[in-house]
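Shown below: entry-v8.tsv, with TSV, C-alpha atoms.
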chain	number	residue	atom	x	y	z
D	1221	MET	CA	13.22	-10.17	-19.33
D	1222	SER	CA	12.70	-12.94	-16.80
D	1223	SER	CA	10.35	-15.90	-16.89
D	1224	VAL	CA	8.78	-17.25	-13.71
D	1225	SER	CA	7.03	-20.52	-12.98
D	1226	ILE	CA	5.24	-21.41	-9.75
D	1227	LYS	CA	4.26	-24.94	-8.80
D	1228	ILE	CA	2.24	-25.87	-5.72
D	1229	ASN	CA	2.54	-29.46	-4.53
D	1230	PRO	CA	-0.94	-30.48	-3.37
D	1231	ASP	CA	0.49	-33.43	-1.43
D	1232	LEU	CA	2.59	-31.10	0.77
D	1233	CYS	CA	0.28	-28.08	0.97
D	1234	LYS	CA	-1.78	-27.86	4.16
D	1235	LYS	CA	-3.87	-25.01	2.70
D	1236	CYS	CA	-2.91	-22.47	5.36
D	1237	GLY	CA	-3.13	-19.47	3.01
D	1238	LEU	CA	0.19	-17.89	4.03
D	1239	CYS	CA	1.48	-17.82	0.46
D	1240	VAL	CA	-1.65	-16.01	-0.71
D	1241	HIS	CA	-1.53	-13.53	2.16
D	1242	PHE	CA	2.14	-12.59	1.77
D	1243	CYS	CA	2.33	-12.32	-2.03
D	1244	PRO	CA	2.88	-8.58	-2.66
D	1245	GLN	CA	1.69	-8.85	-6.28
D	1246	LYS	CA	-1.46	-10.93	-5.52
D	1247	VAL	CA	-0.33	-13.65	-7.93
D	1248	LEU	CA	-1.90	-16.41	-5.83
D	1249	THR	CA	-5.56	-16.71	-4.87
D	1250	GLY	CA	-7.50	-18.87	-2.46
D	1251	ALA	CA	-8.78	-18.82	1.09
D	1252	PRO	CA	-7.39	-20.74	4.05
D	1253	GLY	CA	-8.66	-24.29	3.67
D	1254	GLU	CA	-8.36	-24.14	-0.14
D	1255	LEU	CA	-5.46	-25.16	-2.33
D	1256	PRO	CA	-3.88	-21.91	-3.60
D	1257	LYS	CA	-4.12	-21.20	-7.31
D	1258	VAL	CA	-1.68	-19.30	-9.51
D	1259	GLN	CA	-4.07	-16.68	-10.85
D	1260	ALA	CA	-1.88	-13.88	-12.24
D	1261	LEU	CA	1.52	-15.32	-13.10
D	1262	HIS	CA	2.25	-12.34	-15.38
D	1263	LYS	CA	2.39	-10.14	-12.23
D	1264	CYS	CA	4.98	-12.32	-10.46
D	1265	ALA	CA	8.21	-10.48	-9.72
D	1266	GLY	CA	10.01	-13.62	-8.52
D	1267	CYS	CA	10.46	-12.20	-5.01
D	1268	LEU	CA	10.01	-15.67	-3.41
D	1269	ALA	CA	7.76	-14.34	-0.62
D	1270	CYS	CA	5.40	-17.28	-1.15
D	1271	PHE	CA	8.28	-19.75	-1.06
D	1272	ASP	CA	9.84	-18.17	2.04
D	1273	ARG	CA	6.55	-18.16	4.00
D	1274	CYS	CA	5.46	-21.71	3.13
D	1275	PRO	CA	5.94	-23.82	6.28
D	1276	ASP	CA	5.65	-27.08	4.34
D	1277	PHE	CA	7.98	-26.45	1.36
D	1278	ALA	CA	4.98	-26.99	-0.93
D	1279	ILE	CA	5.84	-24.15	-3.34
D	1280	GLU	CA	8.48	-24.22	-6.03
D	1281	VAL	CA	9.37	-20.94	-7.75
D	1282	GLU	CA	11.70	-20.94	-10.71
D	1283	VAL	CA	13.02	-17.68	-12.14
D	1284	GLN	CA	14.89	-17.73	-15.45
D	1285	GLY	CA	16.44	-14.92	-17.40
D	1286	SER	CA	17.58	-11.47	-16.37
Go ahead and render the structure in this file as structure tokens.
Amino acid sequence: MSSVSIKINPDLCKKCGLCVHFCPQKVLTGAPGELPKVQALHKCAGCLACFDRCPDFAIEVEVQGS
């Protein structure tokens, strides 16, 4: 079983909402103009869609385990 952690750096985030929009599991919530929140971490599959879409490198995703 894998463990996932997601950290959003508020100093780098421009609150564009791309991470929220592209998350297939709806782990992140928030509207454009708001800092995204990790709402349902237990649903995260570690696919890195949020990380890949972030234009400002404001998201850190760490996946541990198998």
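Shortest separation to Lys1246 in chain D among D:Leu1232, D:Ala1269, D:Val1224, D:Val1281 occurs at residue D:Ala1269, atoms counted being all atoms listed in the file.
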Extending 3 Å beyond the listed atoms of range 1230-1242 of chain D on each side, what axis-aligned box results? I want centre and edge lengths in Å to one decimal, as lines of an AutoDock Vina configuration file.
center_x = -0.6
center_y = -23.0
center_z = 1.0
size_x = 12.5
size_y = 26.8
size_z = 14.7
message: Need to verify the contact set: Phe1271 in chain D, 10 Å, only C-alpha atoms, exclusion of same-chain residues closer than 2 positions in sequence. Can you return it as a list of chain:residue names?
response: D:Ile1226, D:Ile1228, D:Leu1238, D:Cys1239, D:Phe1242, D:Cys1243, D:Gly1266, D:Cys1267, D:Leu1268, D:Ala1269, D:Arg1273, D:Cys1274, D:Pro1275, D:Asp1276, D:Phe1277, D:Ala1278, D:Ile1279, D:Glu1280, D:Val1281
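If you count only C-alpha atoms and ignore residues fewer than 2 places along the chain from Leu1248 in chain D, what sits within 10 Å of it is D:Ile1226, D:Gly1237, D:Cys1239, D:Val1240, D:His1241, D:Phe1242, D:Cys1243, D:Pro1244, D:Gln1245, D:Lys1246, D:Gly1250, D:Pro1256, D:Lys1257, D:Val1258, D:Gln1259, D:Ala1260, D:Leu1261, D:Lys1263, D:Cys1264, D:Cys1270.
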query: So how many Å separate CA of Ser1223 in chain D and CA of Glu1282 in chain D, to one decimal?
result: 8.1 Å
message: Ranking D:Lys1227, D:Val1283, D:Cys1233, D:Asp1272 by minimum distance to Glu1254 in chain D and counting all atoms listed in the file, which one comes first?
response: D:Cys1233
